[in-house]
$ cat query_13.cif   # mmCIF, C-alpha atoms
data_data
loop_
_atom_site.label_atom_id
_atom_site.label_comp_id
_atom_site.auth_asym_id
_atom_site.auth_seq_id
_atom_site.Cartn_x
_atom_site.Cartn_y
_atom_site.Cartn_z
CA MET Y 1 252.78 189.03 83.58
CA LYS Y 2 253.76 192.71 83.72
CA LEU Y 3 250.89 195.12 84.30
CA THR Y 4 250.13 197.83 81.73
CA LYS Y 5 249.99 201.56 82.41
CA GLU Y 6 246.17 201.44 82.36
CA GLN Y 7 246.10 198.60 84.89
CA ILE Y 8 248.44 200.54 87.21
CA GLY Y 9 246.09 203.50 86.77
CA LYS Y 10 243.19 201.31 87.95
CA ILE Y 11 245.04 200.39 91.16
CA GLU Y 12 245.81 204.07 91.78
CA GLU Y 13 242.13 204.94 91.27
CA TYR Y 14 241.17 202.54 94.06
CA LEU Y 15 243.80 203.98 96.40
CA VAL Y 16 242.77 207.59 95.70
CA LYS Y 17 239.24 206.59 96.78
CA ASP Y 18 240.74 205.32 100.03
CA ARG Y 19 242.09 208.80 100.71
CA ILE Y 20 245.78 208.08 100.97
CA PHE Y 21 247.11 211.56 101.47
CA TYR Y 22 250.84 211.40 100.80
CA ASP Y 23 251.82 210.84 97.16
CA ASP Y 24 254.87 208.74 97.96
CA ILE Y 25 252.96 206.44 100.33
CA ARG Y 26 250.26 205.97 97.67
CA MET Y 27 252.95 205.29 95.08
CA GLU Y 28 254.59 202.67 97.29
CA MET Y 29 251.28 200.95 98.00
CA THR Y 30 250.46 200.95 94.27
CA ASP Y 31 253.77 199.20 93.60
CA HIS Y 32 253.11 196.70 96.40
CA ILE Y 33 249.65 195.78 95.08
CA ALA Y 34 250.94 195.66 91.48
CA ALA Y 35 253.77 193.31 92.48
CA THR Y 36 251.32 191.09 94.42
CA LEU Y 37 248.94 190.93 91.45
CA GLU Y 38 251.75 190.25 88.96
CA GLU Y 39 252.80 187.30 91.09
CA LYS Y 40 249.21 186.07 91.27
CA LEU Y 41 248.61 186.44 87.54
CA LYS Y 42 251.83 184.64 86.56
CA GLU Y 43 249.89 181.54 85.63
CA GLY Y 44 247.12 183.49 83.95
CA GLY Y 45 243.84 184.98 85.13
CA ASP Y 46 241.80 188.14 84.81
CA PHE Y 47 243.35 191.36 86.14
CA GLU Y 48 240.05 193.08 86.98
CA LEU Y 49 238.89 190.07 88.97
CA ALA Y 50 242.20 189.72 90.81
CA LEU Y 51 242.20 193.45 91.67
CA LYS Y 52 238.63 193.31 92.99
CA GLU Y 53 239.48 190.22 95.04
CA TYR Y 54 242.50 191.98 96.55
CA MET Y 55 240.55 195.13 97.32
CA ASN Y 56 237.87 193.13 99.12
CA SER Y 57 240.31 190.98 101.07
CA HIS Y 58 241.94 191.33 104.49
CA LEU Y 59 245.19 192.20 102.67
CA LYS Y 60 243.80 195.59 101.75
CA VAL Y 61 242.72 196.23 105.34
CA LYS Y 62 246.26 195.42 106.48
CA LEU Y 63 247.67 197.71 103.82
CA LEU Y 64 245.44 200.60 104.88
CA THR Y 65 246.33 200.06 108.54
CA ALA Y 66 249.97 200.36 107.52
CA VAL Y 67 249.16 203.52 105.55
CA ARG Y 68 247.46 205.21 108.49
CA GLU Y 69 250.39 204.37 110.74
CA GLN Y 70 252.81 205.81 108.19
CA GLU Y 71 250.70 208.95 107.83
CA VAL Y 72 250.83 209.57 111.57
CA LEU Y 73 254.62 209.16 111.47
CA ARG Y 74 254.94 211.45 108.47
CA ASP Y 75 252.62 214.11 109.95
CA LYS Y 76 254.77 214.20 113.06
CA GLN Y 77 257.95 214.40 111.01
CA ASN Y 78 256.55 217.24 108.86
CA ARG Y 79 255.32 219.18 111.87
CA ASN Y 80 258.79 218.96 113.41
CA THR Y 81 260.42 220.09 110.15
CA ILE Y 82 258.09 223.07 109.81
CA PHE Y 83 258.65 224.02 113.44
CA ARG Y 84 262.43 223.84 112.98
CA GLN Y 85 262.16 225.98 109.85
CA LEU Y 86 260.00 228.48 111.70
CA LEU Y 87 262.77 228.90 114.26
CA SER Y 88 265.45 229.21 111.55
CA LYS Y 89 266.79 232.53 110.23
CA ARG Y 90 264.69 232.35 107.06
CA GLY Y 91 261.50 231.51 108.98
CA MET Y 92 262.00 234.29 111.48
CA VAL Y 93 262.75 236.88 108.77
CA PHE Y 94 259.60 235.87 106.85
CA PHE Y 95 257.49 235.93 110.00
CA VAL Y 96 258.77 239.33 111.16
CA GLY Y 97 258.35 240.72 107.62
CA VAL Y 98 254.71 239.64 107.35
CA CYS Y 99 254.07 240.73 110.93
CA VAL Y 100 255.41 244.24 110.30
CA LEU Y 101 253.38 244.46 107.09
CA ILE Y 102 250.17 243.47 108.86
CA GLN Y 103 250.84 245.70 111.86
CA LEU Y 104 251.48 248.63 109.51
CA SER Y 105 248.23 247.87 107.75
CA THR Y 106 246.34 248.30 111.01
CA PHE Y 107 246.87 252.06 110.60
CA GLU Y 108 244.63 251.81 107.57
CA VAL Y 109 241.56 249.80 108.43
CA TRP Y 110 240.91 248.86 104.78
CA ALA Y 111 244.37 247.29 104.49
CA PHE Y 112 243.88 245.18 107.60
CA ARG Y 113 240.46 244.16 106.38
CA PHE Y 114 242.14 243.11 103.12
CA PHE Y 115 244.28 240.49 104.93
CA GLU Y 116 241.26 239.21 106.79
CA ALA Y 117 239.20 239.19 103.60
CA VAL Y 118 241.80 237.07 101.75
CA MET Y 119 241.54 234.46 104.48
CA MET Y 120 237.75 234.54 104.77
CA ILE Y 121 237.28 234.36 100.98
CA SER Y 122 239.59 231.31 100.77
CA VAL Y 123 237.53 229.61 103.48
CA LEU Y 124 234.32 230.51 101.64
CA ILE Y 125 235.61 229.21 98.31
CA TYR Y 126 236.65 225.98 100.01
CA MET Y 127 233.25 225.53 101.70
CA VAL Y 128 231.32 226.12 98.48
CA SER Y 129 233.55 223.91 96.29
CA GLU Y 130 234.17 221.11 98.81
CA PRO Y 131 231.22 218.88 97.83
CA TRP Y 132 232.30 218.94 94.15
CA MET Y 133 236.01 218.66 94.79
CA PRO Y 134 237.49 215.60 93.01
CA SER Y 135 239.00 213.07 95.37
CA LYS Y 136 242.49 213.76 94.03
CA TYR Y 137 242.35 217.12 95.81
CA ILE Y 138 242.10 215.54 99.24
CA PHE Y 139 245.27 217.42 100.20
CA VAL Y 140 243.23 220.66 100.11
CA LYS Y 141 240.70 219.12 102.49
CA ARG Y 142 243.42 217.92 104.81
CA LEU Y 143 245.22 221.27 104.76
CA PHE Y 144 241.94 223.00 105.53
CA ASN Y 145 241.09 220.75 108.46
CA VAL Y 146 244.55 221.02 109.97
CA SER Y 147 244.79 224.80 109.53
CA MET Y 148 241.26 225.22 110.87
CA PHE Y 149 242.16 223.34 114.01
CA TYR Y 150 245.61 224.71 114.74
CA TYR Y 151 245.55 228.24 113.36
CA MET Y 152 242.17 229.52 112.35
CA LEU Y 153 240.29 228.74 115.52
CA PRO Y 154 242.64 230.98 117.57
CA VAL Y 155 242.14 233.76 115.02
CA LEU Y 156 238.37 233.45 115.16
CA PHE Y 157 238.62 233.39 118.96
CA VAL Y 158 240.59 236.65 118.95
CA LEU Y 159 238.09 238.21 116.54
CA LYS Y 160 235.30 237.31 118.96
CA ILE Y 161 237.20 238.87 121.89
CA ASN Y 162 237.76 241.92 119.71
CA LYS Y 163 234.03 242.44 119.37
CA LEU Y 164 233.43 241.88 123.09
CA LEU Y 165 236.12 244.34 124.12
CA GLY Y 166 235.06 247.00 121.66
CA GLU Y 167 237.89 246.87 119.11
CA ALA Y 168 240.83 247.37 121.48
CA GLN Y 169 244.19 248.09 119.81
CA TRP Y 170 246.05 245.22 121.54
CA VAL Y 171 243.55 242.72 120.20
CA TYR Y 172 244.39 243.94 116.69
CA CYS Y 173 248.06 243.35 117.52
CA ILE Y 174 247.51 239.73 118.63
CA ASN Y 175 245.29 239.16 115.63
CA GLY Y 176 248.05 240.46 113.36
CA VAL Y 177 250.65 238.17 114.94
CA LEU Y 178 248.38 235.14 114.49
CA LEU Y 179 247.67 236.06 110.87
CA SER Y 180 251.42 236.42 110.22
CA LEU Y 181 251.99 233.00 111.81
CA ILE Y 182 249.42 231.45 109.47
CA PHE Y 183 251.00 233.03 106.38
CA THR Y 184 254.50 231.98 107.51
CA LEU Y 185 253.43 228.39 108.22
CA ALA Y 186 251.64 228.17 104.87
CA TYR Y 187 254.81 229.45 103.15
CA LEU Y 188 257.04 226.97 105.01
CA ALA Y 189 254.68 224.06 104.28
CA LEU Y 190 254.72 224.97 100.58
CA ARG Y 191 258.53 225.23 100.60
CA MET Y 192 258.92 221.89 102.35
CA ASN Y 193 256.55 220.26 99.86
CA ASN Y 194 258.53 221.59 96.90
CA GLU Y 195 261.80 220.51 98.47
CA ILE Y 196 260.54 216.95 98.97
CA LYS Y 197 259.33 216.83 95.36
CA THR Y 198 262.61 218.12 93.89
CA ASN Y 199 264.92 216.10 96.13
CA ARG Y 200 263.19 212.74 95.92
CA TYR Y 201 260.93 212.56 92.95
CA ALA Y 202 262.65 214.75 90.34
CA MET H 1 253.57 187.95 110.94
CA LYS H 2 253.73 184.46 112.46
CA ASN H 3 253.97 184.46 116.28
CA SER H 4 254.06 188.21 116.07
CA GLN H 5 254.88 188.83 119.72
CA LEU H 6 258.11 186.82 119.46
CA TYR H 7 259.22 188.24 116.11
CA LYS H 8 258.03 191.82 116.55
CA GLY H 9 261.08 193.04 118.46
CA SER H 10 263.42 191.70 115.78
CA LEU H 11 261.64 193.05 112.69
CA ASN H 12 263.88 196.12 112.31
CA THR H 13 267.00 194.01 112.67
CA ILE H 14 265.71 191.53 110.08
CA ILE H 15 265.08 194.38 107.62
CA MET H 16 268.49 195.94 108.25
CA LYS H 17 270.27 192.60 107.89
CA LEU H 18 268.55 191.95 104.54
CA LEU H 19 269.48 195.42 103.29
CA GLU H 20 273.06 194.90 104.42
CA GLU H 21 273.25 191.72 102.36
CA ASN H 22 271.35 192.87 99.28
CA GLY H 23 272.34 196.53 98.98
CA ARG H 24 268.92 197.98 98.17
CA MET H 25 265.46 196.45 98.23
CA TYR H 26 261.80 197.47 97.87
CA GLY H 27 258.95 196.58 100.22
CA TYR H 28 257.42 193.64 98.35
CA GLU H 29 260.88 192.20 97.67
CA ILE H 30 261.63 192.17 101.43
CA THR H 31 258.43 190.24 102.22
CA GLN H 32 259.21 187.69 99.51
CA LYS H 33 262.85 187.31 100.55
CA VAL H 34 261.88 186.60 104.17
CA LYS H 35 259.29 184.07 103.00
CA LEU H 36 261.91 182.37 100.82
CA ILE H 37 264.66 182.24 103.47
CA THR H 38 262.32 180.85 106.12
CA ALA H 39 260.63 178.47 103.63
CA GLY H 40 257.29 180.19 104.15
CA GLU H 41 257.45 179.93 107.94
CA LEU H 42 257.71 183.69 108.51
CA ASN H 43 255.39 186.03 106.67
CA ILE H 44 255.99 189.75 107.20
CA THR H 45 252.73 191.58 106.57
CA GLU H 46 252.40 194.97 104.92
CA GLY H 47 250.92 196.27 108.17
CA ALA H 48 254.17 195.61 110.00
CA LEU H 49 256.72 196.16 107.24
CA TYR H 50 255.95 199.63 105.84
CA PRO H 51 255.59 201.48 109.16
CA ALA H 52 258.89 199.86 110.25
CA LEU H 53 260.61 200.99 107.03
CA HIS H 54 259.30 204.54 107.44
CA LYS H 55 260.37 204.64 111.07
CA LEU H 56 263.89 203.50 110.14
CA GLU H 57 263.94 206.12 107.38
CA ALA H 58 262.82 208.83 109.80
CA ASP H 59 265.53 207.76 112.27
CA GLY H 60 268.13 208.25 109.55
CA PHE H 61 269.09 204.57 109.22
CA LEU H 62 267.66 204.16 105.72
CA ASP H 63 267.93 206.17 102.55
CA VAL H 64 265.40 206.14 99.72
CA GLU H 65 265.76 205.95 95.94
CA VAL H 66 262.79 206.18 93.58
CA GLU H 67 262.96 204.58 90.14
CA LYS H 68 260.49 203.94 87.35
CA VAL H 69 260.03 200.19 86.92
CA ASP H 70 257.36 198.44 84.81
CA ASN H 71 255.07 201.47 84.31
CA ARG H 72 255.17 202.53 87.97
CA LEU H 73 257.41 204.24 90.48
CA ARG H 74 259.26 202.00 92.90
CA LYS H 75 260.76 203.06 96.22
CA TYR H 76 264.04 201.35 97.08
CA TYR H 77 265.53 201.38 100.56
CA LYS H 78 269.21 201.16 101.41
CA LEU H 79 271.26 201.55 104.57
CA THR H 80 272.86 204.89 105.36
CA GLU H 81 276.30 205.03 106.94
CA ASN H 82 274.63 205.30 110.36
CA GLY H 83 272.35 202.43 109.43
CA GLN H 84 275.31 200.19 108.64
CA LYS H 85 276.85 200.86 112.06
CA GLU H 86 273.49 200.32 113.74
CA THR H 87 273.01 197.01 111.91
CA VAL H 88 276.26 195.65 113.37
CA ASN H 89 275.15 196.66 116.88
CA ARG H 90 271.65 195.26 116.52
CA LEU H 91 272.87 191.97 115.06
CA ALA H 92 275.27 191.52 117.96
CA GLU H 93 272.41 192.27 120.35
CA LEU H 94 270.13 189.79 118.58
CA GLU H 95 272.78 187.06 118.61
CA GLU H 96 273.27 187.56 122.32
CA PHE H 97 269.52 187.38 122.84
CA ILE H 98 269.31 184.12 120.86
CA ARG H 99 272.21 182.65 122.88
CA ASN H 100 270.59 183.55 126.18
CA MET H 101 267.23 182.18 125.06
CA GLN H 102 268.92 178.98 123.93
CA ASN H 103 270.55 178.60 127.35
CA LEU H 104 267.27 179.26 129.13
CA VAL H 105 265.07 177.03 126.99
CA ASN H 106 267.53 174.22 126.45
CA PRO H 107 270.28 174.45 129.07
CA ALA H 108 273.42 172.39 128.43
CA PRO H 109 273.98 169.71 131.12
CA LYS H 110 276.74 170.66 133.57
CA PRO H 111 279.22 167.75 133.92
CA ASP H 112 279.92 168.29 137.67
CA LEU H 113 276.23 167.94 138.47
CA GLN H 114 275.90 164.62 136.67
CA PHE H 115 275.63 161.40 138.65
#
$ encode --input "query_13.cif" --output "structure tokens"
Amino acid sequence: MKLTKEQIGKIEEYLVKDRIFYDDIRMEMTDHIAATLEEKLKEGGDFELALKEYMNSHLKVKLLTAVREQEVLRDKQNRNTIFRQLLSKRGMVFFVGVCVLIQLSTFEVWAFRFFEAVMMISVLIYMVSEPWMPSKYIFVKRLFNVSMFYYMLPVLFVLKINKLLGEAQWVYCINGVLLSLIFTLAYLALRMNNEIKTNRYA
Amino acid sequence: MKNSQLYKGSLNTIIMKLLEENGRMYGYEITQKVKLITAGELNITEGALYPALHKLEADGFLDVEVEKVDNRLRKYYKLTENGQKETVNRLAELEEFIRNMQNLVNPAPKPDLQF
């Protein structure tokens, strides 16, 4: 028995709830479960019941263990790709460009505040909307957590030092470099994401 | 996977060998094929198979093709040129391992030591 589009949708719904981050991994797991259920339902039976049984069985636990392992692998792979792109000509040009722009803006306090405000407002919007965010937007949550840990904490740390040292010029410089790094990494991550989508899933 | 400790080291080679024979395969198909060949003796679980496939893909031994099949997207794996070379090496290594194990577990009687 071949599953219908609606039945495939049901499997996907379950997997979205399990917070599988990468689309292609979720897609592959959907196919795996669908194939397993098709095999099971060959001699008849109720789809809903079979799906519930699968989702409550040890098979699902094994599947999710595999997913987490794949996500760790993929995260590592993506981090390496972004790092390589950062060190490439394009990455360096983008980084230097943003850096110069931010450093120039430090001559006008309002302009520098603008860059900081963009970042702070995005964080604020995220914090307010997070509880109501549908589970299909888990990528936003993940991006936020990762950027918070790797990039935003250093920025907040520098801001704190800035206050302690009485707004020294060199602190502004470091702050600018860190902000440029965040913008460049966000740009590279977006580019990589688009590339993966066009190359593999066009 | 049955007797996982014994089979674990050979999982990648098993996958590569199957892909060499069948051209391209998807995850579920690999598990079923192994079950069929070994008459149900060896059962590759999802927990072992997918991370192994992704690792082989990341190492550049496998290539991926995505196709729409029966209302869903299906990810097919096939060997890259590097993967094909690596399969030959790994199979030779596995055969040597099996031969050595065979000699250790069930040594052939040496005629000059017989009474």
$ residues_around --input "query_13.cif" --residues "Val67 (chain Y)" --least-positions-apart "2" --cutoff "8 Å" --atoms "all atoms listed in the file" --output "list in words"
Ile20, Ile25, Leu63, Leu64, Thr65, Glu69, Gln70 and Glu71 of chain Y; Gly47, Tyr50 and Pro51 of chain H
$ atom_distance --input "query_13.cif" --atom1 "CA of His32 (chain Y)" --atom2 "CA of Gln84 (chain H)"
25.6 Å
$ interface_residues --input "query_13.cif" --of "chain H" --to "chain Y" --cutoff "9 Å" --atoms "all atoms listed in the file" --output "MDAnalysis selection string"
chainID H and resid 26:29 45:52 54:55 58 64:67 70:75
$ residues_around --input "query_13.cif" --residues "Leu91 (chain H)" --least-positions-apart "6" --cutoff "10 Å" --atoms "all atoms listed in the file" --output "short mmCIF file (atom, residue, chain, number, x, y, z; two decimals) with C-alpha atoms, in the coordinates of the input"
data_model
loop_
_atom_site.label_atom_id
_atom_site.label_comp_id
_atom_site.auth_asym_id
_atom_site.auth_seq_id
_atom_site.Cartn_x
_atom_site.Cartn_y
_atom_site.Cartn_z
CA SER H 10 263.42 191.70 115.78
CA THR H 13 267.00 194.01 112.67
CA ILE H 14 265.71 191.53 110.08
CA MET H 16 268.49 195.94 108.25
CA LYS H 17 270.27 192.60 107.89
CA PHE H 97 269.52 187.38 122.84
#
$ closest_residue --input "query_13.cif" --among "H:Tyr7, H:Leu79, H:Leu56, H:Asn89" --to "Glu41 (chain H)" --atoms "only C-alpha atoms"
H:Tyr7
$ atom_distance --input "query_13.cif" --atom1 "CA of Asp63 (chain H)" --atom2 "CA of Leu94 (chain H)"
23.0 Å
$ resolve_selection --input "query_13.cif" --expression "the PyMOL selection byres ((chain H and resi 24) around 7)" --output "JSON list (two decimals) with C-alpha atoms, keeping the file's coordinate frame"
[["chain", "number", "residue", "atom", "x", "y", "z"],
["H", 19, "LEU", "CA", 269.48, 195.42, 103.29],
["H", 22, "ASN", "CA", 271.35, 192.87, 99.28],
["H", 23, "GLY", "CA", 272.34, 196.53, 98.98],
["H", 25, "MET", "CA", 265.46, 196.45, 98.23],
["H", 76, "TYR", "CA", 264.04, 201.35, 97.08],
["H", 77, "TYR", "CA", 265.53, 201.38, 100.56],
["H", 78, "LYS", "CA", 269.21, 201.16, 101.41]]
